[in-house]
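Take a look at the structure below.
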Amino acid sequence: MKIGNYSLNKPVFMAPMAGITDKAFREIIQLTGGKYAFTEMISDNALLHQNCKTFQMLNLDGEEEPRIVQLFGSDPDQMTEAAKIVERHKANIIDINMGCPTPKIVKNGEGAALLKDLDRAVKVARCVVQAVKIPVTVKIRLGWDDLSIVALELASRLEKTGISMLTVHARTREQYYSGKADWKWIGKIKQTIQIPVIGNGDIQSPEDALRMIRETGCDGVMIARGALGNPWLIGRVQHYLETGELLPEPEWKQKKEIILKHFEKLLLYKGEKIGLNEMRKHAAWYIRGIRNATEYRNQFMTIQDSAGMRRIFHRIFDELDEKDNEIK
Ligand SMILES: Cc1cc2nc3c(=O)[nH]c(=O)nc-3n(C[C@H](O)[C@H](O)[C@H](O)COP(=O)(O)O)c2cc1C
């Protein structure tokens with residue numbers, strides 16, 4: 001499939017995830033074999049108000065192409081201006097969020113609220129496409145709730161705005177992240193539009209990804225929660241789809257190196273205090289399934305500095321070395 005000048009073969013996208021897919025995490029995805037990672041969603045409003053923290057989210061220095069920035073907003077004029085800023089900051093692709101279910105977002109008419117106002121959704125997409133030279137993509141859900149599935153109509157209308165790819169998270173807004181993603185809609189959308197369709201929802205393994213492609217005909221897949229504490233999944237799925245070879249889960253000794261790198265990158269990009277705080281949640285995900293995980297998790301929560309955090313990691317690694325891969 002193609003997006004603008006980029007040729008992507010069965011792409012596996014690391015999903016945009018607020019609070020997760022920051023620069024450090026995207027670099028870890030690329031270090032572990034993943035090729036395509038979205039930024040966290042970025043507010044058009046915050047960009048236009050020159051919010052300093054928001055601009056830090058636009059730091060794409062040194063990242064592999066294509067660099068994909070996700071924007072959220074509901075005002076076509078504001079989105080136009082924000083898109084131009086994003087383009088100037090070396091993004092290669094702009095994605096528009098039409099699926100975020102969070103109350104504080106939808107109450108402003110943003111994210112999944114656009115599923116209730118298709119005219120506005122289409123106008124936002126058209127304005128952004130016209131504002132920039134780089135390709136624009138959109139990520140949607142199926143509709144607001146079971147009684148208002150709009151994905152097919154929205155997909156056709158969005159295609160006409162000139163967007164280059166559509167990602168479908170096969171849930172409604174009311175489902176948030178629960179229940180099962182209904183993949184059949186991904187298949188229906190794929191049969192309805194010509195632009196590449198990316199399937200998203202409930203992929204936890206390389207086999208899940210292949211099953212989604214076989215069942216729906218989608219051009220690529222996107223993975224979110226499956227990569228928490230397991231960034232290797234993106235590269236393993238990519239490798240499986242490209243070659244048919246199922247790589248083993250990484251050994252704990254490979255994991256160690258990446259976990260420590262992830263921590264150092266967080267400290268580098270966010271400083272001691274925020275970097276440490278952000279690492280607490282990743283650390284808890286990384287050690288899921290090991291012996292004494294609860295105890296270590298408590299230690300992560302109370303530790304006060306990065307040196308202490310490193311000490312806990314080394315204690316865990318030593319214990320795992322001794323017991324030779326206790327991880328399940
Ligand atoms: C913590 C969290 C943050 C998320 N942030 C975003 C976001 O910023 N933009 C977006 O489009 N989707 C966001 N999502 C939705 C995911 O990208 C994805 O569509 C959803 O989790 C379904 O995929 P999965 O079943 O692989 O997790 C987020 C999901 C979670 C759990």
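Identifiers in this document derive from the order of the structure tokens: chains are assigned A, B, ..., residues are numbered from 1 separately in each chain, and ligands are numbered from 1 in order of occurrence.
For ligand 1, the neighbouring polymer residues at 7 Å or closer are Ala15, Pro16, Met17, Ala18, Gly19, Ile20, Glu40, Met41, Asn97, Gly99, Cys100, Lys139, His169, Tyr177, Asn200, Gly201, Asp202, Ile203, Met222, Ile223, Ala224, Arg225 and Gly226 of chain A, only C-alpha atoms and all ligand atoms being used.
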Could I get the residues of segment 245-286 of chain A with an atom no further than 7 Å from an atom of segment 295-315 of chain A, each paired with its nearest atom pair and that distance in Å to one decimal, using only C-alpha atoms, sorted by chain and residue number, as JSON lines?
{"residue": "A:Glu272", "atom": "CA", "partner": "A:Ser306", "partner_atom": "CA", "distance": 6.7}
{"residue": "A:Leu276", "atom": "CA", "partner": "A:Ser306", "partner_atom": "CA", "distance": 6.1}
{"residue": "A:Arg280", "atom": "CA", "partner": "A:Phe300", "partner_atom": "CA", "distance": 5.7}
{"residue": "A:Ala284", "atom": "CA", "partner": "A:Arg297", "partner_atom": "CA", "distance": 5.6}
Could you turn the residues from that selection into a file that holds N, CA, C and O atoms, as a tab-separated table (two decimals), in the first residue's frame?
chain	number	residue	atom	x	y	z
A	272	GLU	N	14.42	14.31	35.32
A	272	GLU	CA	14.43	13.34	36.42
A	272	GLU	C	13.02	13.08	36.99
A	272	GLU	O	12.58	11.94	37.09
A	276	LEU	N	11.00	9.80	35.79
A	276	LEU	CA	10.85	8.75	36.81
A	276	LEU	C	9.38	8.37	36.97
A	276	LEU	O	9.01	7.20	36.99
A	280	ARG	N	7.28	4.63	36.07
A	280	ARG	CA	6.62	3.73	37.03
A	280	ARG	C	5.60	2.82	36.35
A	280	ARG	O	5.56	1.63	36.58
A	284	ALA	N	5.87	-1.28	35.69
A	284	ALA	CA	4.86	-2.23	36.17
A	284	ALA	C	4.42	-3.16	35.04
A	284	ALA	O	4.23	-4.36	35.24
If you run DSSP on this backbone, which residues of segment 87-244 of chain A come out as strand (DSSP E), and could you give them as a ChimeraX atom specification? /A:93-98,136-141,165-169,197-200,220-223
Include N, CA, C and O atoms and write out the residues we just selected as a tab-separated table (two decimals), in the first residue's frame.
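That gives us result.tsv:
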chain	number	residue	atom	x	y	z
A	93	ILE	N	3.39	12.65	8.02
A	93	ILE	CA	1.98	12.29	7.86
A	93	ILE	C	1.23	12.91	9.04
A	93	ILE	O	1.74	12.89	10.17
A	94	ILE	N	0.04	13.45	8.77
A	94	ILE	CA	-0.80	13.94	9.88
A	94	ILE	C	-2.02	13.03	9.97
A	94	ILE	O	-2.69	12.77	8.98
A	95	ASP	N	-2.30	12.55	11.18
A	95	ASP	CA	-3.49	11.74	11.42
A	95	ASP	C	-4.48	12.55	12.25
A	95	ASP	O	-4.07	13.30	13.15
A	96	ILE	N	-5.75	12.39	11.95
A	96	ILE	CA	-6.78	13.12	12.71
A	96	ILE	C	-7.55	12.13	13.58
A	96	ILE	O	-8.04	11.10	13.10
A	97	ASN	N	-7.67	12.48	14.86
A	97	ASN	CA	-8.35	11.61	15.83
A	97	ASN	C	-9.86	11.84	15.78
A	97	ASN	O	-10.34	12.94	16.08
A	98	MET	N	-10.58	10.79	15.41
A	98	MET	CA	-12.05	10.85	15.45
A	98	MET	C	-12.57	9.68	16.26
A	98	MET	O	-13.58	9.08	15.92
A	136	VAL	N	-2.57	13.09	4.69
A	136	VAL	CA	-3.40	13.16	5.90
A	136	VAL	C	-4.19	11.86	6.01
A	136	VAL	O	-4.69	11.34	5.01
A	137	THR	N	-4.24	11.33	7.22
A	137	THR	CA	-4.97	10.08	7.47
A	137	THR	C	-5.95	10.33	8.61
A	137	THR	O	-5.86	11.34	9.30
A	138	VAL	N	-6.91	9.41	8.78
A	138	VAL	CA	-7.91	9.59	9.85
A	138	VAL	C	-8.08	8.27	10.60
A	138	VAL	O	-7.97	7.19	10.01
A	139	LYS	N	-8.32	8.39	11.91
A	139	LYS	CA	-8.61	7.20	12.73
A	139	LYS	C	-10.01	7.37	13.33
A	139	LYS	O	-10.27	8.37	14.00
A	140	ILE	N	-10.86	6.38	13.07
A	140	ILE	CA	-12.26	6.47	13.52
A	140	ILE	C	-12.64	5.27	14.40
A	140	ILE	O	-11.91	4.27	14.46
A	141	ARG	N	-13.77	5.38	15.05
A	141	ARG	CA	-14.46	4.23	15.63
A	141	ARG	C	-15.70	3.95	14.79
A	141	ARG	O	-15.97	4.67	13.82
A	165	MET	N	-5.40	7.36	4.06
A	165	MET	CA	-5.52	6.07	4.76
A	165	MET	C	-6.55	6.25	5.86
A	165	MET	O	-6.69	7.34	6.42
A	166	LEU	N	-7.27	5.17	6.15
A	166	LEU	CA	-8.25	5.23	7.24
A	166	LEU	C	-7.98	4.08	8.20
A	166	LEU	O	-7.90	2.92	7.80
A	167	THR	N	-7.85	4.42	9.49
A	167	THR	CA	-7.72	3.37	10.51
A	167	THR	C	-9.06	3.21	11.21
A	167	THR	O	-9.69	4.21	11.58
A	168	VAL	N	-9.47	1.96	11.38
A	168	VAL	CA	-10.77	1.69	12.00
A	168	VAL	C	-10.57	0.93	13.30
A	168	VAL	O	-10.14	-0.24	13.29
A	169	HIS	N	-10.86	1.59	14.44
A	169	HIS	CA	-10.92	0.87	15.71
A	169	HIS	C	-12.34	0.34	15.81
A	169	HIS	O	-13.30	1.12	15.94
A	197	VAL	N	-6.97	0.64	4.21
A	197	VAL	CA	-7.71	0.54	5.47
A	197	VAL	C	-6.86	-0.25	6.47
A	197	VAL	O	-6.36	-1.33	6.16
A	198	ILE	N	-6.69	0.34	7.65
A	198	ILE	CA	-5.91	-0.30	8.71
A	198	ILE	C	-6.87	-0.77	9.80
A	198	ILE	O	-7.71	0.01	10.27
A	199	GLY	N	-6.75	-2.03	10.18
A	199	GLY	CA	-7.64	-2.60	11.20
A	199	GLY	C	-7.04	-2.46	12.58
A	199	GLY	O	-5.84	-2.64	12.77
A	200	ASN	N	-7.91	-2.16	13.55
A	200	ASN	CA	-7.44	-1.97	14.93
A	200	ASN	C	-8.48	-2.50	15.92
A	200	ASN	O	-9.67	-2.30	15.73
A	220	GLY	N	-3.33	-3.30	6.56
A	220	GLY	CA	-2.33	-3.31	7.62
A	220	GLY	C	-3.06	-3.31	8.94
A	220	GLY	O	-4.30	-3.26	8.98
A	221	VAL	N	-2.29	-3.37	10.02
A	221	VAL	CA	-2.93	-3.43	11.34
A	221	VAL	C	-2.32	-2.39	12.27
A	221	VAL	O	-1.22	-1.89	12.03
A	222	MET	N	-3.06	-2.10	13.33
A	222	MET	CA	-2.57	-1.19	14.36
A	222	MET	C	-2.77	-1.86	15.71
A	222	MET	O	-3.80	-2.49	15.97
A	223	ILE	N	-1.76	-1.71	16.57
A	223	ILE	CA	-1.79	-2.37	17.88
A	223	ILE	C	-1.58	-1.33	18.98
A	223	ILE	O	-0.67	-0.49	18.88
Give the helix (DSSP H, G or I) residues of segment 247-297 of chain A, as DSSP finds them on the backbone, and put them as number ranges by chain. A: 252-286, 293-297
What lies within 7 Å of Thr39 of chain A using only C-alpha atoms, ignoring chain neighbours under 3 positions off, as JSON, numbers by chain? {"A": [16, 21, 22, 68, 69, 70]}
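Comparing the minimum interatomic distances between Gln254 of chain A and each of A:Glu207, A:Gly109, A:Lys53, A:Phe317, counting only C-alpha atoms, we find that A:Phe317 sits nearest.
Residues within 9 Å of Leu152 of chain A, counting only C-alpha atoms and excluding same-chain residues fewer than 6 positions away, are Leu142, Trp185, Lys188, Ile189, Thr192 and Ile193 of chain A.
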What would the file look like if the residues just selected were written as a PDB file, in the first residue's frame with N, CA, C and O atoms?
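For reference, part11.pdb as written:
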ATOM      1  N   LEU A 142     -16.493   2.932  15.181  1.00  0.00           N
ATOM      2  CA  LEU A 142     -17.628   2.532  14.346  1.00  0.00           C
ATOM      3  C   LEU A 142     -18.773   3.538  14.383  1.00  0.00           C
ATOM      4  O   LEU A 142     -19.523   3.683  13.422  1.00  0.00           O
ATOM      5  N   TRP A 185     -16.817  -5.021  10.608  1.00  0.00           N
ATOM      6  CA  TRP A 185     -16.956  -3.678  10.048  1.00  0.00           C
ATOM      7  C   TRP A 185     -15.691  -3.260   9.305  1.00  0.00           C
ATOM      8  O   TRP A 185     -15.747  -2.484   8.341  1.00  0.00           O
ATOM      9  N   LYS A 188     -16.139  -4.659   5.939  1.00  0.00           N
ATOM     10  CA  LYS A 188     -17.144  -3.936   5.140  1.00  0.00           C
ATOM     11  C   LYS A 188     -16.566  -2.619   4.620  1.00  0.00           C
ATOM     12  O   LYS A 188     -16.822  -2.224   3.483  1.00  0.00           O
ATOM     13  N   ILE A 189     -15.804  -1.949   5.479  1.00  0.00           N
ATOM     14  CA  ILE A 189     -15.226  -0.666   5.052  1.00  0.00           C
ATOM     15  C   ILE A 189     -14.190  -0.908   3.947  1.00  0.00           C
ATOM     16  O   ILE A 189     -14.142  -0.187   2.948  1.00  0.00           O
ATOM     17  N   THR A 192     -15.699  -1.078   0.740  1.00  0.00           N
ATOM     18  CA  THR A 192     -16.422   0.113   0.308  1.00  0.00           C
ATOM     19  C   THR A 192     -15.516   1.206  -0.232  1.00  0.00           C
ATOM     20  O   THR A 192     -15.916   1.976  -1.107  1.00  0.00           O
ATOM     21  N   ILE A 193     -14.292   1.317   0.300  1.00  0.00           N
ATOM     22  CA  ILE A 193     -13.428   2.421  -0.141  1.00  0.00           C
ATOM     23  C   ILE A 193     -12.143   1.884  -0.794  1.00  0.00           C
ATOM     24  O   ILE A 193     -11.787   0.712  -0.618  1.00  0.00           O
TER      25      ILE A 193
END
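Residues with any atom within 12 Å of Lys160 of chain A, counting only C-alpha atoms and excluding same-chain neighbours fewer than 4 positions away, are Val122, Lys123, Ala125, Arg126, Val129, Glu153, Leu154, Ala155, Ser156, Ser164, Met165, Leu166, Ile193, Gln194 and Ile195 of chain A.
Restricting the calculation to only C-alpha atoms, the smallest distance between Phe13 of chain A and any of A:Arg288, A:His49, A:Arg67, A:His282 is found for A:Arg67.
Using only C-alpha atoms for every distance, the candidate list A:Pro101, A:Gly73, A:Lys90, A:Tyr240 yields A:Gly73 as the residue closest to Arg120 of chain A.
Among the candidate residues A:Gly143, A:Gly187, A:Gly271, A:Gly34, the one lying nearest to Asp219 of chain A is A:Gly187, with distances computed using only C-alpha atoms.
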Please provide the set of residues having any atom within 7 Å of Asp44 of chain A, restricted to only C-alpha atoms, with same-chain residues fewer than 3 positions apart removed, written as a ChimeraX atom specification. /A:47-48,71-73,78-79,82
Export N, CA and C atoms of the chosen residues as a short mmCIF file (atom, residue, chain, number, x, y, z; two decimals), in the first residue's frame?
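Below is the file that was written, selection06.cif:
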data_model
loop_
_atom_site.label_atom_id
_atom_site.label_comp_id
_atom_site.auth_asym_id
_atom_site.auth_seq_id
_atom_site.Cartn_x
_atom_site.Cartn_y
_atom_site.Cartn_z
N LEU A 47 -1.60 23.79 20.56
CA LEU A 47 -0.56 24.23 19.61
C LEU A 47 -0.75 25.70 19.26
N LEU A 48 -2.00 26.07 19.03
CA LEU A 48 -2.25 27.45 18.63
C LEU A 48 -1.99 28.42 19.79
N LEU A 71 -3.35 14.61 15.46
CA LEU A 71 -3.95 15.85 15.97
C LEU A 71 -5.38 15.58 16.40
N PHE A 72 -5.85 16.29 17.41
CA PHE A 72 -7.29 16.26 17.68
C PHE A 72 -7.83 17.68 17.81
N GLY A 73 -9.07 17.82 17.37
CA GLY A 73 -9.72 19.12 17.40
C GLY A 73 -11.01 19.02 16.60
N GLN A 78 -9.11 26.05 13.11
CA GLN A 78 -8.02 25.76 14.06
C GLN A 78 -7.20 24.56 13.61
N MET A 79 -7.91 23.54 13.13
CA MET A 79 -7.19 22.34 12.68
C MET A 79 -6.30 22.67 11.48
N ALA A 82 -3.24 24.38 12.94
CA ALA A 82 -2.44 23.41 13.70
C ALA A 82 -1.70 22.46 12.74
#
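Interatomic distance, atom CA of Trp232 of chain A against atom CA of Gln56 of chain A: 25.4 Å.
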